[in-house]
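S.K.: File follows, work.cif with mmCIF, C-alpha atoms:
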data_structure
loop_
_atom_site.label_atom_id
_atom_site.label_comp_id
_atom_site.auth_asym_id
_atom_site.auth_seq_id
_atom_site.Cartn_x
_atom_site.Cartn_y
_atom_site.Cartn_z
CA MET A 156 16.18 34.88 22.67
CA GLN A 157 13.94 31.94 23.56
CA GLU A 158 14.77 29.10 25.95
CA PHE A 159 13.96 25.44 25.51
CA GLU A 160 11.08 25.66 28.04
CA HIS A 161 9.36 28.13 25.70
CA ILE A 162 9.80 25.71 22.80
CA GLN A 163 8.36 22.90 24.90
CA SER A 164 5.31 24.90 25.91
CA LEU A 165 4.83 25.86 22.27
CA TRP A 166 4.92 22.19 21.25
CA GLN A 167 2.46 21.21 23.93
CA SER A 168 0.11 24.07 23.13
CA HIS A 169 -0.11 22.93 19.53
CA SER A 170 -2.87 20.38 19.56
CA VAL A 171 -2.98 17.98 16.67
CA GLU A 172 -6.06 16.29 15.39
CA VAL A 173 -6.05 12.66 14.33
CA LYS A 174 -8.21 12.58 11.23
CA ILE A 175 -8.91 8.89 11.19
CA SER A 176 -10.61 6.43 13.53
CA ALA A 177 -9.46 2.89 14.30
CA GLU A 178 -12.27 1.42 12.15
CA GLU A 179 -11.62 3.75 9.21
CA MET A 180 -7.94 2.94 9.36
CA LEU A 181 -8.46 -0.80 9.08
CA ASP A 182 -11.12 -0.35 6.39
CA GLN A 183 -8.79 1.83 4.34
CA ALA A 184 -5.96 -0.69 4.55
CA LYS A 185 -8.29 -3.48 3.51
CA LYS A 186 -9.41 -1.43 0.51
CA GLU A 187 -5.96 -1.64 -1.12
CA VAL A 188 -6.08 -5.42 -1.03
CA ASN A 189 -9.72 -5.45 -2.09
CA ALA A 190 -8.84 -3.44 -5.23
CA ILE A 191 -6.75 -6.38 -6.48
CA ARG A 192 -9.45 -8.86 -5.50
CA THR A 193 -12.12 -6.83 -7.31
CA LYS A 194 -10.00 -6.59 -10.44
CA SER A 195 -9.43 -10.32 -10.37
CA LEU A 196 -13.19 -10.87 -9.97
CA PHE A 197 -13.97 -8.59 -12.93
CA ASN A 198 -11.47 -10.57 -14.95
CA ILE A 199 -13.26 -13.81 -14.08
CA GLY A 200 -16.66 -12.19 -14.69
CA GLY A 201 -15.55 -11.11 -18.19
CA MET A 202 -14.42 -14.65 -18.99
CA VAL A 203 -17.69 -16.15 -17.72
CA ILE A 204 -19.69 -13.74 -19.91
CA SER A 205 -17.53 -14.74 -22.92
CA PHE A 206 -18.10 -18.40 -22.10
CA VAL A 207 -21.89 -17.95 -21.95
CA ALA A 208 -22.00 -15.77 -25.08
CA ILE A 209 -19.91 -18.15 -27.20
CA SER A 210 -21.69 -21.27 -25.91
CA SER A 211 -25.07 -19.70 -26.72
CA LEU A 212 -24.07 -19.59 -30.41
CA LEU A 213 -24.41 -23.38 -30.44
CA LEU A 214 -27.83 -23.20 -28.79
CA PHE A 215 -29.40 -20.42 -30.81
CA PHE A 216 -27.94 -20.95 -34.29
CA ASP A 217 -28.13 -23.92 -36.58
CA PHE A 218 -24.77 -24.56 -38.18
CA ASN A 219 -24.31 -26.93 -41.10
CA SER A 220 -20.62 -27.73 -40.86
CA TRP A 221 -18.95 -29.75 -38.10
CA THR A 222 -16.00 -27.30 -38.27
CA THR A 223 -18.15 -24.51 -36.80
CA ALA A 224 -19.20 -26.63 -33.84
CA ALA A 225 -15.61 -27.81 -33.36
CA GLY A 226 -14.34 -24.21 -33.55
CA ILE A 227 -16.86 -22.98 -30.99
CA GLY A 228 -16.12 -26.05 -28.83
CA ILE A 229 -12.38 -25.35 -28.83
CA ILE A 230 -12.89 -21.65 -27.98
CA VAL A 231 -15.36 -22.49 -25.21
CA LEU A 232 -13.00 -25.10 -23.77
CA ALA A 233 -10.03 -22.68 -23.85
CA VAL A 234 -12.10 -19.96 -22.17
CA ALA A 235 -13.34 -22.43 -19.54
CA ILE A 236 -9.84 -23.67 -18.69
CA TYR A 237 -8.49 -20.13 -18.51
CA THR A 238 -11.40 -19.07 -16.28
CA ILE A 239 -10.72 -21.97 -13.91
CA LEU A 240 -7.06 -20.95 -13.71
CA LEU A 241 -8.08 -17.35 -13.02
CA TYR A 242 -10.43 -18.53 -10.29
CA ARG A 243 -7.70 -20.66 -8.72
CA GLU A 244 -5.50 -17.57 -8.54
CA HIS A 245 -8.31 -15.47 -7.17
CA ARG A 246 -8.67 -17.91 -4.30
CA LEU A 247 -5.03 -17.38 -3.38
CA ILE A 248 -5.68 -13.79 -2.40
CA SER A 249 -9.33 -13.99 -1.40
CA ARG A 250 -9.09 -16.64 1.32
CA ASN A 251 -6.71 -14.81 3.59
CA ASP A 252 -7.28 -11.74 5.73
CA PHE A 253 -4.01 -9.81 5.76
CA THR A 254 -4.89 -8.00 8.96
CA GLU A 255 -5.15 -11.34 10.76
CA HIS A 256 -2.26 -13.30 9.21
CA PRO A 257 0.16 -10.91 7.50
CA GLY A 258 2.88 -13.57 7.03
CA ASP A 259 0.52 -16.01 5.31
CA PHE A 260 -0.94 -13.26 3.21
CA LEU A 261 2.51 -12.17 2.04
CA ASN A 262 3.36 -15.76 1.01
CA LYS A 263 0.09 -16.04 -0.90
CA LEU A 264 0.78 -12.70 -2.58
CA HIS A 265 4.16 -14.00 -3.79
CA GLU A 266 2.49 -17.20 -5.02
CA TYR A 267 -0.20 -15.13 -6.75
CA GLN A 268 2.41 -13.03 -8.52
CA VAL A 269 4.33 -16.06 -9.85
CA SER A 270 1.13 -17.81 -10.90
CA ARG A 271 -0.11 -14.65 -12.59
CA TYR A 272 3.17 -14.30 -14.47
CA ASN A 273 2.87 -17.88 -15.79
CA LEU A 274 -0.74 -17.34 -16.74
CA TYR A 275 0.06 -14.29 -18.86
CA ASN A 276 3.19 -15.76 -20.42
CA ARG A 277 3.52 -19.50 -21.15
CA LEU A 278 -0.12 -20.41 -20.57
CA TYR A 279 -1.39 -17.40 -22.48
CA TRP A 280 0.18 -18.69 -25.70
CA PHE A 281 -1.61 -22.05 -25.35
CA TYR A 282 -4.82 -20.11 -24.85
CA ALA A 283 -4.12 -17.82 -27.85
CA ILE A 284 -3.27 -20.79 -30.12
CA ALA A 285 -6.43 -22.67 -29.05
CA VAL A 286 -8.65 -19.61 -29.58
CA SER A 287 -7.02 -18.91 -32.98
CA LEU A 288 -7.57 -22.50 -34.07
CA GLY A 289 -11.17 -22.24 -32.88
CA PHE A 290 -11.69 -19.06 -34.92
CA VAL A 291 -10.17 -20.64 -38.06
CA LEU A 292 -12.58 -23.58 -37.81
CA TYR A 293 -15.52 -21.31 -36.96
CA PHE A 294 -14.84 -18.96 -39.86
CA TYR A 295 -14.57 -21.86 -42.32
CA GLU A 296 -18.36 -22.06 -42.58
CA ILE A 297 -19.36 -18.56 -41.49
CA LEU A 298 -17.10 -16.61 -43.82
CA GLY A 299 -17.87 -18.96 -46.71
CA GLN A 300 -21.38 -17.46 -46.87
CA MET A 301 -20.13 -13.85 -47.04
CA ASP A 302 -18.86 -11.58 -49.81
CA THR A 303 -15.10 -11.56 -50.38
CA TRP A 304 -14.65 -8.06 -49.00
CA LEU A 305 -16.48 -9.02 -45.81
CA GLN A 306 -14.33 -12.14 -45.51
CA ILE A 307 -11.24 -9.94 -45.74
CA VAL A 308 -12.61 -7.42 -43.21
CA PHE A 309 -13.50 -10.13 -40.65
CA SER A 310 -10.24 -12.04 -41.13
CA VAL A 311 -8.07 -8.93 -40.89
CA PHE A 312 -9.98 -7.59 -37.89
CA THR A 313 -9.75 -10.93 -36.06
CA VAL A 314 -6.02 -11.29 -36.72
CA PHE A 315 -5.45 -7.67 -35.73
CA TRP A 316 -7.49 -8.08 -32.52
CA MET A 317 -5.66 -11.28 -31.52
CA VAL A 318 -2.26 -9.68 -32.13
CA PHE A 319 -3.32 -6.52 -30.27
CA CYS A 320 -4.47 -8.56 -27.25
CA ALA A 321 -1.33 -10.72 -27.26
CA THR A 322 1.06 -7.77 -27.46
CA VAL A 323 -0.15 -4.30 -26.39
CA LEU A 324 -3.04 -5.27 -24.08
CA ARG A 325 -1.28 -8.23 -22.46
CA THR A 326 1.97 -6.41 -21.72
CA SER A 327 0.22 -3.29 -20.45
CA PHE A 328 -2.06 -5.36 -18.21
CA MET A 329 0.88 -7.39 -16.90
CA LYS A 330 2.90 -4.24 -16.21
CA LYS A 331 0.09 -2.53 -14.30
CA GLU A 332 -0.72 -5.61 -12.29
CA LYS A 333 2.94 -6.26 -11.46
CA GLU A 334 3.35 -2.67 -10.20
CA ARG A 335 0.24 -2.99 -8.05
CA VAL A 336 1.24 -6.33 -6.51
CA ASP A 337 4.88 -5.20 -6.12
CA LEU A 338 3.72 -2.19 -4.11
CA LEU A 339 1.64 -4.37 -1.82
CA ILE A 340 4.47 -6.89 -1.39
CA GLU A 341 6.94 -4.09 -0.67
CA LYS A 342 4.61 -2.67 1.96
CA PHE A 343 4.03 -6.01 3.69
CA GLU A 344 7.71 -6.96 3.54
CA ARG A 345 8.67 -3.63 5.06
CA ILE A 346 6.18 -4.19 7.85
CA SER A 347 7.37 -7.78 8.48
CA LYS A 348 11.06 -6.81 8.34
CA GLN A 349 10.66 -4.00 10.83
CA LEU A 350 8.84 -6.21 13.26
CA LYS A 351 11.50 -8.91 13.00
CA ASP A 352 14.11 -6.23 13.73
CA GLN A 353 12.29 -5.27 16.88
CA GLU A 354 11.88 -8.79 18.24
CA MET B 194 -16.94 -6.26 17.40
CA ASP B 195 -14.68 -9.01 18.73
CA GLN B 196 -12.29 -8.75 21.68
CA LYS B 197 -9.29 -7.88 19.50
CA ASP B 198 -11.18 -5.06 17.77
CA ILE B 199 -12.28 -3.60 21.09
CA LEU B 200 -8.77 -3.80 22.51
CA PHE B 201 -7.31 -2.23 19.36
CA LYS B 202 -9.82 0.61 19.49
CA GLN B 203 -8.87 1.32 23.10
CA ILE B 204 -5.16 1.27 22.26
CA PHE B 205 -5.72 3.47 19.21
CA ASP B 206 -7.78 6.01 21.14
CA ALA B 207 -5.25 6.13 23.96
CA ASN B 208 -2.12 6.48 21.81
CA SER B 209 -2.99 7.80 18.36
CA LYS B 210 -2.75 11.48 19.28
CA LYS B 211 0.77 11.21 20.69
CA ILE B 212 1.94 9.02 17.82
CA PHE B 213 0.44 11.43 15.31
CA HIS B 214 2.26 14.31 17.01
CA LEU B 215 5.52 12.34 16.84
CA CYS B 216 4.99 11.67 13.12
CA TYR B 217 3.97 15.28 12.53
CA GLY B 218 7.11 16.51 14.26
CA TYR B 219 9.16 14.15 12.12
CA THR B 220 7.64 15.00 8.74
CA GLY B 221 6.23 18.49 9.34
CA ASP B 222 3.27 17.46 7.22
CA SER B 223 -0.12 16.22 8.37
CA ASP B 224 -0.76 14.00 5.31
CA SER B 225 2.54 12.16 5.69
CA ALA B 226 1.99 12.00 9.44
CA ASN B 227 -1.38 10.43 8.77
CA ASP B 228 0.22 7.81 6.47
CA LEU B 229 2.80 7.02 9.14
CA LEU B 230 0.16 6.82 11.84
CA GLN B 231 -1.80 4.31 9.78
CA GLU B 232 1.24 2.21 8.98
CA THR B 233 2.22 2.20 12.65
CA PHE B 234 -1.19 1.11 13.88
CA LEU B 235 -1.53 -1.46 11.13
CA LYS B 236 1.61 -3.10 12.52
CA VAL B 237 0.18 -2.79 16.03
CA TRP B 238 -3.01 -4.51 14.91
CA GLN B 239 -1.15 -7.31 13.17
CA ASN B 240 1.10 -7.98 16.14
CA LEU B 241 -1.21 -7.37 19.03
CA ASP B 242 -1.25 -11.10 19.83
CA LYS B 243 2.56 -11.17 19.94
CA PHE B 244 2.85 -8.31 22.43
CA ARG B 245 4.32 -9.96 25.53
CA GLN B 246 3.92 -7.06 27.96
CA LYS B 247 7.65 -7.00 28.72
CA SER B 248 7.38 -3.24 28.29
CA MET B 249 4.53 -0.79 28.45
CA ILE B 250 2.29 -0.97 25.40
CA SER B 251 2.89 2.74 24.70
CA THR B 252 6.66 2.09 24.62
CA TRP B 253 6.11 -0.76 22.17
CA ILE B 254 3.93 1.45 19.95
CA TYR B 255 6.44 4.31 20.09
CA ARG B 256 9.20 1.89 19.03
CA ILE B 257 7.14 0.78 16.05
CA ALA B 258 6.36 4.40 15.18
CA VAL B 259 10.02 5.44 15.39
CA ASN B 260 11.07 2.60 13.05
CA THR B 261 8.21 3.40 10.71
CA CYS B 262 9.23 7.05 10.55
CA LEU B 263 12.89 6.21 9.92
CA THR B 264 12.06 3.75 7.14
CA TYR B 265 9.49 6.09 5.61
CA LEU B 266 11.81 8.88 4.55
CA ARG B 267 14.71 6.55 3.77
CA SER B 268 12.60 4.70 1.25
CA GLU B 269 13.91 5.28 -2.27
CA LYS B 270 10.48 6.18 -3.46
CA ARG B 271 10.20 9.21 -1.20
CA GLN B 272 11.55 12.60 -2.06
CA ALA B 273 14.82 13.72 -0.53
CA LYS B 274 14.36 14.62 3.12
CA ASP B 275 15.30 18.29 2.90
CA GLU B 276 13.32 18.92 -0.24
CA LEU B 277 10.28 17.28 1.30
CA THR B 278 10.33 19.02 4.62
CA ASP B 279 11.29 22.40 3.16
CA ASN B 280 8.47 22.35 0.63
CA ILE B 281 5.93 21.25 3.15
CA ILE B 282 7.00 23.63 5.87
CA GLU B 283 7.05 26.57 3.41
CA THR B 284 3.52 25.72 2.32
CA ARG B 285 2.38 25.33 5.86
CA VAL B 286 3.94 28.66 6.89
CA GLU B 287 1.82 30.40 4.26
CA GLU B 288 -1.27 28.64 5.52
CA PHE B 289 -0.71 29.51 9.14
CA SER B 290 -2.16 32.66 10.64
CA GLU B 291 0.26 35.02 12.33
CA LYS B 292 -0.45 33.78 15.84
CA ASN B 293 0.61 30.30 14.85
CA GLU B 294 3.79 31.44 13.18
CA GLN B 295 5.83 30.36 16.17
CA VAL B 296 4.51 26.82 15.89
CA ALA B 297 5.44 26.77 12.21
CA LEU B 298 8.92 27.99 13.12
CA LEU B 299 9.20 25.21 15.66
CA TYR B 300 8.36 22.54 13.07
CA LYS B 301 10.75 24.14 10.62
CA SER B 302 13.51 24.03 13.25
CA ILE B 303 12.77 20.39 14.08
CA SER B 304 12.93 19.52 10.39
CA LYS B 305 16.53 20.80 10.31
CA LEU B 306 17.66 18.26 12.89
CA GLU B 307 19.03 14.82 12.05
CA GLU B 308 16.37 12.11 11.60
CA ASN B 309 17.08 10.32 14.87
CA ASP B 310 17.39 13.58 16.77
CA ARG B 311 14.04 14.69 15.46
CA LEU B 312 12.36 11.62 16.91
CA ILE B 313 14.15 11.87 20.24
CA ILE B 314 13.31 15.53 20.71
CA THR B 315 9.64 15.01 19.89
CA MET B 316 9.52 12.41 22.65
CA VAL B 317 11.29 14.82 25.01
CA LEU B 318 8.82 17.57 24.06
CA ASP B 319 6.01 15.14 24.86
CA GLU B 320 7.62 14.60 28.29
CA LEU B 321 8.23 10.88 27.93
CA PRO B 322 10.41 9.62 30.80
CA TYR B 323 14.08 9.30 29.84
CA HIS B 324 14.22 5.57 30.57
CA GLU B 325 11.34 5.06 28.16
CA ILE B 326 12.99 7.10 25.42
CA ALA B 327 16.18 5.11 26.01
CA ASP B 328 14.20 1.89 25.63
CA ILE B 329 12.49 3.06 22.45
CA SER B 330 15.60 4.44 20.78
CA GLY B 331 17.97 1.68 21.93
CA ILE B 332 20.44 4.10 23.51
CA SER B 333 21.74 3.78 27.07
CA GLU B 334 20.20 6.27 29.48
CA GLY B 335 23.58 7.90 30.18
CA ASN B 336 24.30 8.49 26.50
CA LEU B 337 20.75 9.60 25.93
CA ARG B 338 21.00 12.37 28.56
CA VAL B 339 24.08 13.78 26.82
CA LYS B 340 22.44 13.45 23.44
CA ILE B 341 19.23 15.15 24.60
CA HIS B 342 21.19 18.03 26.09
CA ARG B 343 22.94 18.53 22.74
CA ILE B 344 19.69 18.28 20.74
CA LYS B 345 17.93 20.76 23.04
CA GLN B 346 20.72 23.26 22.49
CA LYS B 347 20.72 22.72 18.75
CA LEU B 348 16.93 23.07 18.51
CA THR B 349 16.95 26.25 20.59
CA GLU B 350 19.67 27.70 18.35
CA LEU B 351 17.78 26.75 15.20
CA TYR B 352 14.54 28.18 16.56
CA ASN B 353 16.14 31.47 17.52
CA TYR B 354 17.94 31.64 14.19
CA HIS B 355 14.73 31.14 12.23
CA ALA B 356 12.87 33.58 14.48
CA ARG B 357 15.40 36.29 13.64
CA ILE B 358 15.08 35.86 9.85
#
Take the structure in this file and express it as structure tokens.
M.R.:
Amino acid sequence: MQEFEHIQSLWQSHSVEVKISAEEMLDQAKKEVNAIRTKSLFNIGGMVISFVAISSLLLFFDFNSWTTAAGIGIIVLAVAIYTILLYREHRLISRNDFTEHPGDFLNKLHEYQVSRYNLYNRLYWFYAIAVSLGFVLYFYEILGQMDTWLQIVFSVFTVFWMVFCATVLRTSFMKKEKERVDLLIEKFERISKQLKDQE
Amino acid sequence: MDQKDILFKQIFDANSKKIFHLCYGYTGDSDSANDLLQETFLKVWQNLDKFRQKSMISTWIYRIAVNTCLTYLRSEKRQAKDELTDNIIETRVEEFSEKNEQVALLYKSISKLEENDRLIITMVLDELPYHEIADISGISEGNLRVKIHRIKQKLTELYNYHARI
């Protein structure tokens, strides 16, 4: 039969080891936020590459029909506008250090989530319609020079790709991003709530 | 390193071990304790400027840690308390060598206590003054003394029970 004093000495004899330093701890916490920032940057990077690649078609190829230039112009414009919107959202989460101003960061995170939702819903359809129109005009000249079977292959593939992006890819991306941001918001809200409780 | 970083490092170095032990006693698992330690000190970092020195800084940190622990296991996303602690303690018991079996039994016994009791007893085991525990847990010192007496008895019973099995 053991007494409480024995239990206490047992507890005190068991030394625990803290596996993390103060610097590592802050770095690790920052990494979670940086993951979202990096993803957002990759997104913007991808759009910029598309912009450059599509614009270069006008520089390096000589097209005969005005429809091709108009098509490329519309696609480039849609990509540019979408990239600017993505950049505006990126700034929402990149300008604030959550370890310094957690309240501000949480507000920006909420704003980011709403803005992101709009971008991948209502605004996405404007983007998809503009890009589709651009492709129709672009293909008017380009496909006209190809065999019928190639015309069918390109048309079907383009329609399939647009539909795939608008449905499967878009919803899966939105779902993943929402989960990621929700987790961060939940964490910061829990932290803020507990501190309010203590005040 | 700016002033705040230096101050935080000092606070972390001075308190992290005790807070980790508190979290370890609460969860019975070093990984979860590590998560709780990080969440606690993240809150400390964020609110360092707001600390008004009405109480000792260690008391303030303990209070944050206690709230963090209580919210942690109550979160819907976590596994049920008993399932979590049982699984972890069982695994840990296998990992421990024979000479540390008593320590494993102690953590197992603590895990059988109520959530609040677990936190109070870990502070008692760490020899925190009663008035400080009362301040952290929001219980009057008189009530706390009665409560601690009851928890001590319960823990001793649980420990002896598990030791006999």
S.K.: Have a look at CA of Tyr272 (chain A) and CA of Asp259 (chain A) and let me know their distance in Å, one decimal.
M.R.: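 Distance between the two atoms: 20.0 Å.
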S.K.: So what does the PyMOL selection byres ((chain B) within 6 of (chain A)) actually pick up in this one, as a PyMOL selection string?
M.R.: chain B and resi 202+239+318+349
S.K.: Just so the selection is clear, what residues does the PyMOL selection byres ((chain A and resi 185-197) around 9) cover here, as a PyMOL selection string?
M.R.: chain A and resi 180-184+198-202+241-242+244-245+248-249+252-254+332+335-336+339
S.K.: Could you tell me how far CA of Gln346 (chain B) lies from CA of Leu229 (chain B), in Å and to one decimal?
M.R.: 27.6 Å
S.K.: List the spatial neighbours of Glu307 (chain B) as number ranges by chain - criterion: any atom at most 10 Å away, all atoms listed in the file, same-chain residues fewer than 5 positions off excluded.
M.R.: B: 219, 312-313, 344
S.K.: Counting only C-alpha atoms, which residue out of B:Thr252, B:Asn353, B:Gln295, B:Asn309 sits closest to Lys211 (chain B)?
M.R.: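 Among B:Thr252, B:Asn353, B:Gln295, B:Asn309, it is B:Thr252 that comes nearest to Lys211 (chain B).
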S.K.: Quote the spacing between CA of Phe218 (chain A) and CA of Thr303 (chain A) in Å to one decimal place.
M.R.: 20.3 Å
S.K.: Give as a VMD selection string every residue, naming chains and numbers as the document does, that has an atom within 12 Å of (15.8, 12.1, 14.3), counting all atoms listed in the file.
M.R.: chain B and resid 215 to 216 218 to 220 259 to 260 262 to 264 266 to 267 274 303 to 317 330 340 to 341 344 348
S.K.: Find, counting all atoms listed in the file, the residue in B:Trp253, B:Trp238, B:Phe205, B:Tyr352 that gets nearest to Ala297 (chain B).
M.R.: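 So, comparing all the options, the nearest one is B:Tyr352.
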S.K.: What would the selection look like, as a list in words, if the PyMOL selection byres ((chain A and resi 292) around 8) were run on the coordinates I just shared?
M.R.: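 For this structure, the PyMOL selection byres ((chain A and resi 292) around 8) captures Thr222, Thr223, Ala225, Gly226, Leu288, Gly289, Phe290, Val291, Tyr293, Phe294, Tyr295 and Glu296 of chain A.
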S.K.: Once 6 Å is added on each side, what are the centre and the three edge lengths, in Å to one decimal, of the axis-aligned box enclosing the listed atoms of region 237-250 of chain A? Present them as lines of an AutoDock Vina configuration file.
M.R.:
center_x = -8.2
center_y = -17.9
center_z = -8.6
size_x = 18.4
size_y = 20.2
size_z = 31.8
S.K.: Mind listing as a CSV table (one decimal) with C-alpha atoms, in the frame of the given file all residues within 12 Å of (2.3, 10.7, 5.9), counting all atoms listed in the file?
M.R.:
chain,number,residue,atom,x,y,z
A,174,LYS,CA,-8.2,12.6,11.2
B,213,PHE,CA,0.4,11.4,15.3
B,214,HIS,CA,2.3,14.3,17.0
B,215,LEU,CA,5.5,12.3,16.8
B,216,CYS,CA,5.0,11.7,13.1
B,217,TYR,CA,4.0,15.3,12.5
B,218,GLY,CA,7.1,16.5,14.3
B,219,TYR,CA,9.2,14.2,12.1
B,220,THR,CA,7.6,15.0,8.7
B,221,GLY,CA,6.2,18.5,9.3
B,222,ASP,CA,3.3,17.5,7.2
B,223,SER,CA,-0.1,16.2,8.4
B,224,ASP,CA,-0.8,14.0,5.3
B,225,SER,CA,2.5,12.2,5.7
B,226,ALA,CA,2.0,12.0,9.4
B,227,ASN,CA,-1.4,10.4,8.8
B,228,ASP,CA,0.2,7.8,6.5
B,229,LEU,CA,2.8,7.0,9.1
B,230,LEU,CA,0.2,6.8,11.8
B,231,GLN,CA,-1.8,4.3,9.8
B,232,GLU,CA,1.2,2.2,9.0
B,233,THR,CA,2.2,2.2,12.6
B,258,ALA,CA,6.4,4.4,15.2
B,261,THR,CA,8.2,3.4,10.7
B,262,CYS,CA,9.2,7.0,10.6
B,265,TYR,CA,9.5,6.1,5.6
B,266,LEU,CA,11.8,8.9,4.6
B,271,ARG,CA,10.2,9.2,-1.2
B,277,LEU,CA,10.3,17.3,1.3
B,278,THR,CA,10.3,19.0,4.6
B,281,ILE,CA,5.9,21.2,3.2
